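Peer 1: Dropping in start_2.cif, with mmCIF, C-alpha atoms.
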data_protein
#
loop_
_atom_site.label_atom_id
_atom_site.label_comp_id
_atom_site.auth_asym_id
_atom_site.auth_seq_id
_atom_site.Cartn_x
_atom_site.Cartn_y
_atom_site.Cartn_z
CA MET D 27 1.89 13.08 -47.29
CA GLY D 28 4.54 13.61 -44.65
CA PHE D 29 4.22 13.02 -40.96
CA PRO D 30 5.38 16.20 -39.18
CA LEU D 31 7.73 15.92 -36.25
CA ALA D 32 5.20 17.31 -33.75
CA GLU D 33 2.77 14.51 -34.57
CA VAL D 34 5.49 11.87 -34.17
CA VAL D 35 6.39 13.35 -30.79
CA TRP D 36 2.79 13.26 -29.57
CA VAL D 37 2.15 9.71 -30.76
CA THR D 38 5.41 8.62 -29.07
CA PHE D 39 4.50 10.53 -25.92
CA THR D 40 1.09 8.86 -25.66
CA PHE D 41 2.75 5.49 -26.25
CA VAL D 42 5.08 6.07 -23.29
CA ILE D 43 2.18 7.25 -21.13
CA GLY D 44 0.32 4.08 -22.10
CA LEU D 45 3.31 1.94 -21.03
CA CYS D 46 3.28 3.59 -17.60
CA VAL D 47 -0.48 3.18 -17.27
CA GLY D 48 -0.14 -0.48 -18.28
CA SER D 49 2.47 -0.99 -15.56
CA PHE D 50 0.07 0.45 -12.99
CA LEU D 51 -2.77 -1.68 -14.35
CA ASN D 52 -0.68 -4.77 -13.68
CA VAL D 53 -0.59 -3.74 -10.02
CA VAL D 54 -4.35 -3.09 -10.02
CA ILE D 55 -5.13 -6.45 -11.64
CA GLY D 56 -2.87 -8.35 -9.29
CA ARG D 57 -3.83 -6.68 -6.02
CA LEU D 58 -7.30 -5.17 -6.13
CA PRO D 59 -9.26 -8.47 -6.44
CA LEU D 60 -7.34 -9.68 -3.38
CA GLU D 61 -8.19 -6.47 -1.49
CA LYS D 62 -4.54 -5.49 -1.18
CA SER D 63 -3.20 -1.94 -1.13
CA LEU D 64 -2.09 -0.49 -4.45
CA LEU D 65 0.59 1.63 -2.75
CA TRP D 66 2.13 -0.67 -0.15
CA PRO D 67 4.26 -2.72 -0.26
CA ASN D 68 6.23 -1.74 -3.34
CA SER D 69 6.64 -4.20 -6.22
CA ARG D 70 8.56 -7.34 -5.31
CA CYS D 71 9.19 -10.90 -6.40
CA LEU D 72 6.38 -13.10 -5.14
CA THR D 73 8.79 -16.00 -4.60
CA CYS D 74 11.74 -14.50 -2.70
CA LEU D 75 9.81 -11.36 -1.63
CA HIS D 76 12.79 -9.18 -2.52
CA PRO D 77 11.75 -5.65 -3.62
CA LEU D 78 12.41 -4.91 -7.28
CA ASN D 79 14.74 -2.02 -8.00
CA LEU D 80 13.82 0.93 -10.18
CA ALA D 81 15.50 -0.40 -13.32
CA ASP D 82 13.62 -3.72 -13.11
CA ASN D 83 10.34 -1.85 -12.64
CA LEU D 84 10.60 0.14 -15.88
CA PRO D 85 7.70 -0.78 -18.19
CA VAL D 86 8.66 -3.31 -20.90
CA VAL D 87 12.37 -2.40 -20.62
CA GLY D 88 12.71 -3.88 -17.13
CA TRP D 89 11.09 -7.17 -18.19
CA LEU D 90 13.25 -7.44 -21.31
CA ARG D 91 16.49 -6.56 -19.49
CA ARG D 92 16.02 -9.42 -17.04
CA ARG D 93 14.41 -11.69 -19.68
CA GLY D 94 11.39 -11.99 -17.45
CA ARG D 95 13.27 -13.36 -14.43
CA CYS D 96 13.92 -12.13 -10.90
CA ARG D 97 17.51 -10.93 -10.59
CA TYR D 98 17.71 -12.33 -7.04
CA CYS D 99 16.20 -15.82 -7.22
CA GLY D 100 15.79 -16.38 -10.96
CA THR D 101 12.03 -17.03 -10.80
CA GLN D 102 10.30 -16.65 -14.16
CA PHE D 103 7.80 -13.78 -14.28
CA SER D 104 4.65 -14.12 -16.33
CA SER D 105 4.88 -12.63 -19.82
CA ARG D 106 1.41 -11.19 -19.21
CA TYR D 107 3.06 -8.24 -17.43
CA LEU D 108 4.93 -7.43 -20.62
CA TRP D 109 1.90 -7.78 -22.90
CA VAL D 110 -0.37 -5.64 -20.71
CA GLU D 111 2.18 -2.81 -20.68
CA LEU D 112 2.92 -3.07 -24.39
CA GLY D 113 -0.73 -3.46 -25.34
CA THR D 114 -1.78 -0.43 -23.30
CA GLY D 115 1.01 1.65 -24.83
CA VAL D 116 -0.02 0.71 -28.37
CA ALA D 117 -3.69 1.31 -27.57
CA PHE D 118 -3.02 4.79 -26.13
CA ALA D 119 -0.88 5.80 -29.12
CA LEU D 120 -3.35 4.39 -31.65
CA LEU D 121 -6.26 6.09 -29.91
CA PHE D 122 -4.52 9.47 -30.09
CA TYR D 123 -3.72 8.96 -33.75
CA VAL D 124 -7.22 7.98 -34.87
CA GLU D 125 -9.24 10.31 -32.60
CA VAL D 126 -7.13 13.47 -32.69
CA LEU D 127 -4.97 13.29 -35.82
CA GLU D 128 -7.36 11.42 -38.11
CA ASN D 129 -10.62 12.74 -36.55
CA TRP D 130 -12.19 9.27 -36.48
CA HIS D 131 -15.48 10.53 -35.08
CA GLY D 132 -15.88 13.33 -37.60
CA LEU D 133 -16.00 16.23 -35.14
CA LYS D 134 -15.98 19.69 -36.71
CA PHE D 135 -13.68 20.89 -33.95
CA MET D 136 -11.15 18.14 -34.64
CA GLU D 137 -10.87 19.18 -38.29
CA GLN D 138 -8.61 22.00 -37.11
CA ALA D 139 -6.73 20.09 -34.40
CA ARG D 140 -4.15 18.53 -36.70
CA GLY D 141 -3.32 21.91 -38.21
CA VAL D 142 -2.92 23.40 -34.73
CA ILE D 143 -0.45 20.65 -33.78
CA GLN D 144 1.58 21.22 -36.93
CA ARG D 145 1.58 24.98 -36.37
CA ASP D 146 2.02 25.24 -32.59
CA GLY D 147 3.35 21.79 -31.70
CA VAL D 148 0.60 21.30 -29.08
CA PRO D 149 -2.98 20.05 -29.57
CA PRO D 150 -5.89 22.26 -28.46
CA TRP D 151 -6.80 21.53 -24.85
CA GLN D 152 -10.27 20.42 -25.94
CA ALA D 153 -8.71 17.71 -28.12
CA ILE D 154 -6.58 16.54 -25.20
CA VAL D 155 -9.67 16.30 -22.96
CA PHE D 156 -11.55 14.35 -25.65
CA TYR D 157 -8.65 11.91 -25.96
CA LEU D 158 -8.07 11.51 -22.21
CA HIS D 159 -11.77 10.80 -21.64
CA HIS D 160 -11.65 7.74 -23.90
CA ALA D 161 -8.14 6.68 -22.85
CA THR D 162 -9.27 6.66 -19.21
CA LEU D 163 -12.32 4.58 -20.06
CA PHE D 164 -10.11 2.12 -21.96
CA ALA D 165 -7.80 1.74 -18.96
CA PHE D 166 -10.70 1.05 -16.59
CA LEU D 167 -12.24 -1.46 -19.01
CA LEU D 168 -8.95 -3.30 -19.48
CA ALA D 169 -8.40 -3.57 -15.73
CA ALA D 170 -11.96 -4.84 -15.17
CA ALA D 171 -11.72 -7.37 -18.02
CA LEU D 172 -8.43 -8.86 -16.81
CA CYS D 173 -9.60 -8.97 -13.18
CA ASP D 174 -12.62 -10.96 -14.36
CA TRP D 175 -10.43 -13.19 -16.52
CA ASP D 176 -8.03 -13.99 -13.68
CA HIS D 177 -10.29 -14.05 -10.64
CA ARG D 178 -13.85 -14.38 -12.02
CA SER D 179 -14.69 -11.21 -10.13
CA ILE D 180 -14.57 -7.48 -10.77
CA PRO D 181 -13.69 -5.31 -7.75
CA LEU D 182 -16.45 -2.89 -6.81
CA SER D 183 -13.82 -0.32 -5.82
CA LEU D 184 -12.58 -0.30 -9.42
CA THR D 185 -15.96 0.18 -11.08
CA VAL D 186 -17.21 2.73 -8.53
CA THR D 187 -14.06 4.80 -8.98
CA GLY D 188 -14.49 4.63 -12.76
CA THR D 189 -18.14 5.64 -12.47
CA ILE D 190 -17.26 8.68 -10.35
CA VAL D 191 -14.56 9.73 -12.83
CA GLY D 192 -17.03 9.36 -15.69
CA LEU D 193 -19.70 11.44 -13.93
CA VAL D 194 -17.20 14.20 -13.13
CA SER D 195 -16.19 14.29 -16.78
CA ALA D 196 -19.85 14.35 -17.83
CA THR D 197 -20.54 17.31 -15.55
CA CYS D 198 -17.51 19.31 -16.64
CA PHE D 199 -17.77 18.57 -20.37
CA PRO D 200 -21.45 18.17 -21.31
CA TRP D 201 -22.75 17.39 -24.78
CA PRO D 202 -21.79 18.55 -27.39
CA PHE D 203 -18.31 19.38 -26.01
CA PRO D 204 -15.82 19.93 -27.63
CA GLU D 205 -18.14 21.32 -30.29
CA ASP D 206 -19.49 24.85 -29.90
CA PRO D 207 -22.90 24.65 -28.15
CA ALA D 208 -24.22 27.11 -30.73
CA ILE D 209 -24.21 24.43 -33.43
CA ALA D 210 -26.45 22.25 -31.24
CA ALA D 211 -28.85 24.98 -30.14
CA GLN D 212 -31.41 23.82 -32.71
CA PHE D 213 -31.77 20.53 -30.80
CA GLN D 214 -33.32 22.09 -27.70
CA GLN D 215 -37.04 22.09 -26.98
CA PRO D 216 -38.57 25.23 -28.59
CA ARG D 217 -40.25 27.82 -26.38
CA VAL D 218 -42.00 31.14 -26.70
CA ALA D 219 -41.74 34.37 -24.72
CA GLY D 220 -42.03 33.87 -21.01
CA GLY D 221 -40.27 30.51 -21.08
CA LEU D 222 -43.33 28.45 -22.02
CA VAL D 223 -42.87 25.34 -24.13
CA GLN D 224 -44.16 25.92 -27.62
CA GLN D 225 -44.90 22.27 -28.38
CA MET D 226 -44.51 19.09 -26.39
CA ASN D 227 -43.00 17.04 -29.18
CA TRP D 228 -40.48 14.70 -27.65
CA ALA D 229 -39.59 12.98 -30.93
CA PHE D 230 -36.14 13.94 -32.19
CA ASN D 231 -37.23 14.68 -35.76
CA VAL D 232 -33.87 15.58 -37.27
CA PRO D 233 -32.07 14.03 -40.26
CA ALA D 234 -30.15 10.83 -39.57
CA GLY D 235 -26.59 11.60 -38.50
CA ALA D 236 -27.32 15.30 -37.93
CA ILE D 237 -26.86 15.21 -34.14
CA PRO D 238 -23.45 16.72 -33.28
CA THR D 239 -21.09 14.24 -31.64
CA GLY D 240 -18.93 15.16 -28.70
CA ILE D 241 -17.34 13.35 -25.78
CA TYR D 242 -20.87 12.09 -25.22
CA PRO D 243 -22.24 11.06 -28.62
CA TRP D 244 -25.83 12.09 -27.88
CA PRO D 245 -27.67 14.07 -25.19
CA VAL D 246 -29.75 12.25 -22.61
CA TRP D 247 -32.89 12.94 -24.67
CA GLY D 248 -34.01 15.12 -27.51
CA PRO D 249 -35.12 17.74 -28.06
CA VAL D 250 -33.23 18.85 -24.96
CA PRO D 251 -35.60 20.67 -22.53
CA PHE D 252 -34.83 24.39 -22.59
CA TRP D 253 -34.43 24.50 -18.79
CA LEU D 254 -31.82 21.73 -19.00
CA TRP D 255 -30.07 23.36 -21.94
CA GLY D 256 -29.71 26.51 -19.85
CA HIS D 257 -27.82 24.58 -17.14
CA ARG D 258 -25.01 22.91 -19.04
CA TRP D 259 -23.53 21.09 -16.06
CA ALA D 260 -26.91 19.54 -15.25
CA LEU D 261 -27.30 18.34 -18.85
CA GLY D 262 -23.90 16.66 -18.63
CA LEU D 263 -24.51 15.12 -15.22
CA LEU D 264 -27.93 13.80 -16.24
CA THR D 265 -26.45 12.29 -19.40
CA GLY D 266 -23.81 10.47 -17.35
CA LEU D 267 -26.27 9.38 -14.68
CA ALA D 268 -28.69 8.04 -17.30
CA GLY D 269 -25.85 6.05 -18.87
CA ALA D 270 -24.76 4.61 -15.53
CA ALA D 271 -28.33 3.72 -14.59
CA ALA D 272 -29.04 2.14 -17.99
CA GLY D 273 -25.88 0.03 -17.86
CA MET D 274 -26.60 -1.29 -14.39
CA ALA D 275 -30.34 -1.82 -14.94
CA LEU D 276 -29.86 -3.60 -18.27
CA LEU D 277 -27.35 -6.09 -16.89
CA ARG D 278 -29.33 -6.72 -13.71
CA PHE D 279 -32.44 -7.27 -15.79
CA ALA D 280 -30.50 -9.63 -18.07
CA LYS D 281 -29.24 -11.48 -15.00
CA PHE D 282 -32.79 -11.94 -13.71
CA VAL D 283 -34.15 -13.18 -17.05
CA PHE D 284 -31.19 -15.47 -17.73
CA GLU D 285 -31.46 -17.07 -14.31
CA LYS D 286 -35.12 -17.77 -14.95
CA GLY D 287 -34.28 -19.44 -18.26
CA LEU D 288 -31.14 -21.28 -17.11
CA GLY D 289 -32.51 -22.37 -13.78
CA THR D 290 -29.23 -21.40 -12.12
CA GLU D 291 -27.13 -18.36 -11.27
CA ALA D 292 -26.00 -16.45 -14.35
CA LEU D 293 -23.85 -13.38 -14.87
CA GLY D 294 -22.41 -11.49 -11.95
CA LEU D 295 -23.08 -8.19 -10.30
CA GLY D 296 -19.58 -7.11 -11.35
CA ASP D 297 -20.71 -7.27 -15.00
CA ALA D 298 -23.50 -4.80 -14.20
CA ASP D 299 -20.98 -2.55 -12.47
CA VAL D 300 -18.75 -2.55 -15.57
CA MET D 301 -21.65 -1.38 -17.73
CA MET D 302 -22.59 1.20 -15.10
CA MET D 303 -19.05 2.57 -15.30
CA ALA D 304 -19.01 2.58 -19.11
CA GLY D 305 -22.42 4.24 -19.21
CA ALA D 306 -21.11 7.10 -17.07
CA PHE D 307 -18.47 7.71 -19.76
CA LEU D 308 -20.66 7.31 -22.87
CA GLY D 309 -24.34 7.88 -22.04
CA TRP D 310 -27.25 5.46 -22.16
CA GLN D 311 -27.73 4.99 -25.91
CA PRO D 312 -24.24 3.65 -26.73
CA ILE D 313 -24.28 1.43 -23.65
CA VAL D 314 -27.47 -0.33 -24.78
CA VAL D 315 -25.83 -1.09 -28.13
CA ALA D 316 -22.61 -2.16 -26.39
CA PHE D 317 -24.51 -4.74 -24.36
CA PHE D 318 -25.67 -6.59 -27.45
CA ILE D 319 -22.32 -6.32 -29.21
CA GLY D 320 -20.60 -7.55 -26.05
CA ALA D 321 -22.99 -10.51 -25.82
CA VAL D 322 -22.13 -11.53 -29.40
CA VAL D 323 -18.40 -11.13 -28.76
CA SER D 324 -18.69 -13.29 -25.64
CA ILE D 325 -20.09 -16.29 -27.54
CA PRO D 326 -16.71 -17.42 -29.01
CA LEU D 327 -15.11 -16.91 -25.60
CA GLY D 328 -17.74 -19.10 -23.96
CA LEU D 329 -17.23 -21.85 -26.53
CA VAL D 330 -13.48 -21.79 -25.89
CA PHE D 331 -14.03 -22.22 -22.16
CA ARG D 332 -16.55 -24.98 -22.78
CA VAL D 333 -14.60 -26.96 -25.40
CA VAL D 334 -10.96 -26.32 -24.49
CA LYS D 335 -11.01 -25.71 -20.75
CA LYS D 336 -14.08 -27.87 -20.02
CA GLU D 337 -15.45 -25.09 -17.83
CA ARG D 338 -19.15 -24.38 -17.53
CA ALA D 339 -18.78 -20.83 -16.23
CA PHE D 340 -16.87 -18.22 -18.18
CA PRO D 341 -16.10 -14.52 -17.55
CA PHE D 342 -18.54 -12.17 -19.25
CA GLY D 343 -16.58 -9.02 -18.37
CA PRO D 344 -13.98 -9.22 -21.19
CA GLY D 345 -16.71 -9.56 -23.82
CA LEU D 346 -18.64 -6.62 -22.39
CA ALA D 347 -15.52 -4.46 -22.25
CA LEU D 348 -14.69 -5.29 -25.86
CA GLY D 349 -18.29 -4.56 -26.83
CA VAL D 350 -18.01 -1.08 -25.30
CA VAL D 351 -14.81 -0.33 -27.21
CA ILE D 352 -16.27 -1.58 -30.50
CA THR D 353 -19.40 0.51 -29.96
CA TRP D 354 -17.68 3.82 -29.32
CA MET D 355 -15.25 3.30 -32.21
CA ALA D 356 -18.04 2.23 -34.60
CA TRP D 357 -20.44 4.98 -33.49
CA PRO D 358 -19.90 7.14 -36.62
CA TRP D 359 -21.44 4.28 -38.64
CA LEU D 360 -23.94 3.07 -36.05
CA ALA D 361 -25.46 6.44 -35.09
CA PRO D 362 -27.20 7.34 -38.39
CA ASN D 363 -28.91 3.93 -38.47
CA LEU D 364 -29.93 3.91 -34.81
CA GLN D 365 -31.02 7.50 -34.28
CA GLY D 366 -34.66 6.83 -35.13
CA TYR D 367 -34.90 4.08 -32.50
CA PHE D 368 -33.55 5.92 -29.47
CA PHE D 369 -35.64 9.10 -29.39
CA GLU D 370 -39.16 7.67 -29.72
CA GLN D 371 -40.92 6.57 -26.51
CA VAL D 372 -43.06 3.91 -28.20
CA VAL D 373 -40.09 2.40 -30.01
CA VAL D 374 -38.03 2.33 -26.81
CA LEU D 375 -40.82 0.57 -24.87
CA CYS D 376 -41.34 -2.01 -27.64
CA ALA D 377 -37.60 -2.60 -27.73
CA LEU D 378 -37.58 -3.33 -23.99
CA VAL D 379 -40.25 -6.01 -24.48
CA LEU D 380 -38.33 -7.59 -27.36
CA ILE D 381 -35.12 -7.50 -25.34
CA ALA D 382 -36.79 -9.35 -22.47
CA MET D 383 -38.12 -12.03 -24.82
CA GLY D 384 -34.80 -12.34 -26.61
CA LEU D 385 -32.86 -12.71 -23.36
CA PHE D 386 -35.20 -15.40 -22.08
CA PHE D 387 -35.07 -17.51 -25.24
CA GLY D 388 -31.34 -16.88 -25.51
CA SER D 389 -30.87 -18.28 -22.01
CA LEU D 390 -32.76 -21.41 -23.05
CA ILE D 391 -30.42 -21.86 -26.01
CA VAL D 392 -27.39 -21.39 -23.76
CA ARG D 393 -28.83 -24.01 -21.44
CA LEU D 394 -29.03 -26.48 -24.34
CA PHE D 395 -25.28 -26.03 -24.88
CA GLY D 396 -24.71 -27.29 -21.33
CA PHE D 397 -23.54 -24.12 -19.62
CA ALA D 398 -26.12 -24.34 -16.85
CA ARG D 399 -24.85 -26.02 -13.75
CA PRO D 400 -27.07 -28.71 -12.22
CA PRO D 401 -28.43 -27.74 -8.81
CA GLU D 402 -26.28 -28.83 -5.93
CA GLU D 403 -27.49 -31.76 -3.89
CA LYS D 404 -28.43 -30.95 -0.36
#
Written as structure tokens, how would this file's structure read?

Peer 2:
Amino acid sequence: MGFPLAEVVWVTFTFVIGLCVGSFLNVVIGRLPLEKSLLWPNSRCLTCLHPLNLADNLPVVGWLRRRGRCRYCGTQFSSRYLWVELGTGVAFALLFYVEVLENWHGLKFMEQARGVIQRDGVPPWQAIVFYLHHATLFAFLLAAALCDWDHRSIPLSLTVTGTIVGLVSATCFPWPFPEDPAIAAQFQQPRVAGGLVQQMNWAFNVPAGAIPTGIYPWPVWGPVPFWLWGHRWALGLLTGLAGAAAGMALLRFAKFVFEKGLGTEALGLGDADVMMMAGAFLGWQPIVVAFFIGAVVSIPLGLVFRVVKKERAFPFGPGLALGVVITWMAWPWLAPNLQGYFFEQVVVLCALVLIAMGLFFGSLIVRLFGFARPPEEK
């Protein structure tokens, strides 16, 4: 099967956009944790303080042209600048390919997007919005993860900005966008004439995998109350707010339980802010799953810090960010198996109790590995 020119152009275009975003992320990662302006002064060598010219500032090309050295004093620049730019470019291009061209998430709307690109040379605007939503989330997660890696802190200004962007997107493009709302009308709470609820059955009794997926994989709850379904913007905003609240509450609760088990400070408030931000982009159900996947991903990272770097504390942000990415990309396989657990009140409450117990005993196990710091002598 060939690869039409229009598709090559769009993949290349998103790669270039990713390079530019990666260049800006390098500025964010280097300055925001130090509370420096992102706009002033312009980029310069940190040794001789000479401003870099436009050619040296070009993403990837500028670093390669100068072989990673300042043209004025010869100081070696970190190769991390190059890898962040290149990695972001590859990630943006790959995300466009799998989500728009290959319809990774199985959206009915996206089944036609590839044909539209081949015919008109431009994707439908709904497909572009779907892609930009996830590309923006990826950029915020990467910046937060690298800030935590470098400085052991995640700037509140970064996560709050990301949360606001996510909530605006949620309000403008509520579930099941970009799908036609008509195909999801069956998932609203039934009612009879006069607007009265026919039955108060809050269990989402639909076949596994039958819930339409959009920018937000699932609505805030199901069946969707008819009064909320009639105000689409409110449905979207509530979905985003529930995700942000769940991400923050879950991490703060985990922090409280872990500190009780470890007997010392554990996790950081920045980690809760990262999950708040991600929840605003994805909703509360995926963010709960992402927390557990992120915790598992963080275990190897913690062992590396403990064994190789001999450090007791390690950044949890990179593992959480990776957990979020894995969750949203694996959602087509996760959703059918998890649907029955997220729309039953009793199951959700029992899960909260099990989570609390699991976190507490998990913190005891972590303490046995020697990550807990002994209390400081007074």

Peer 1: So which one's closest to Val191 in chain D, D:Val314, D:Ile43, D:Ala280, D:Met303? Using only C-alpha atoms, please.

Peer 2: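 The answer is D:Met303, which sits nearest to Val191 in chain D.
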
Peer 1: As a check of understanding, name the residues that the PyMOL selection byres ((chain D and resi 188) around 12) selects in the supplied structure, as a PyMOL selection string.

Peer 2: chain D and resi 159-160+162-170+181-187+189-195+266+270+299-307

Peer 1: At a cut-off of 10 Å around the point (-20.3, 19.1, -22.3) (file coordinates), what residues fall inside when counting only C-alpha atoms? I'd like the answer as a PyMOL selection string.

Peer 2: chain D and resi 195-207+240-242+245+258-263+265

Peer 1: Tell me which of D:Pro344, D:Leu308, D:Trp255, D:Ala356 sits closest to Leu267 in chain D, counting only C-alpha atoms.

Peer 2: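 Ranking D:Pro344, D:Leu308, D:Trp255, D:Ala356 by distance to Leu267 in chain D, first place goes to D:Leu308.
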
Peer 1: Just to confirm, what's the straight-line distance from CA of Phe340 in chain D to CA of Ala298 in chain D in Å (one decimal)?

Peer 2: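 About the pair CA of Phe340 in chain D and CA of Ala298 in chain D: they are 15.5 Å apart.
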
Peer 1: Please expand the PyMOL selection byres ((chain D and resi 108) around 10) into the concrete residues it hits in this file, giving the result as a PyMOL selection string.

Peer 2: chain D and resi 45+48-49+52+85-90+94+103-107+109-113

Peer 1: How many Å lie between CA of Leu78 in chain D and CA of Val37 in chain D, rounded to one decimal?

Peer 2: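 Answer for the CA of Leu78 in chain D to CA of Val37 in chain D separation: 29.5 Å.
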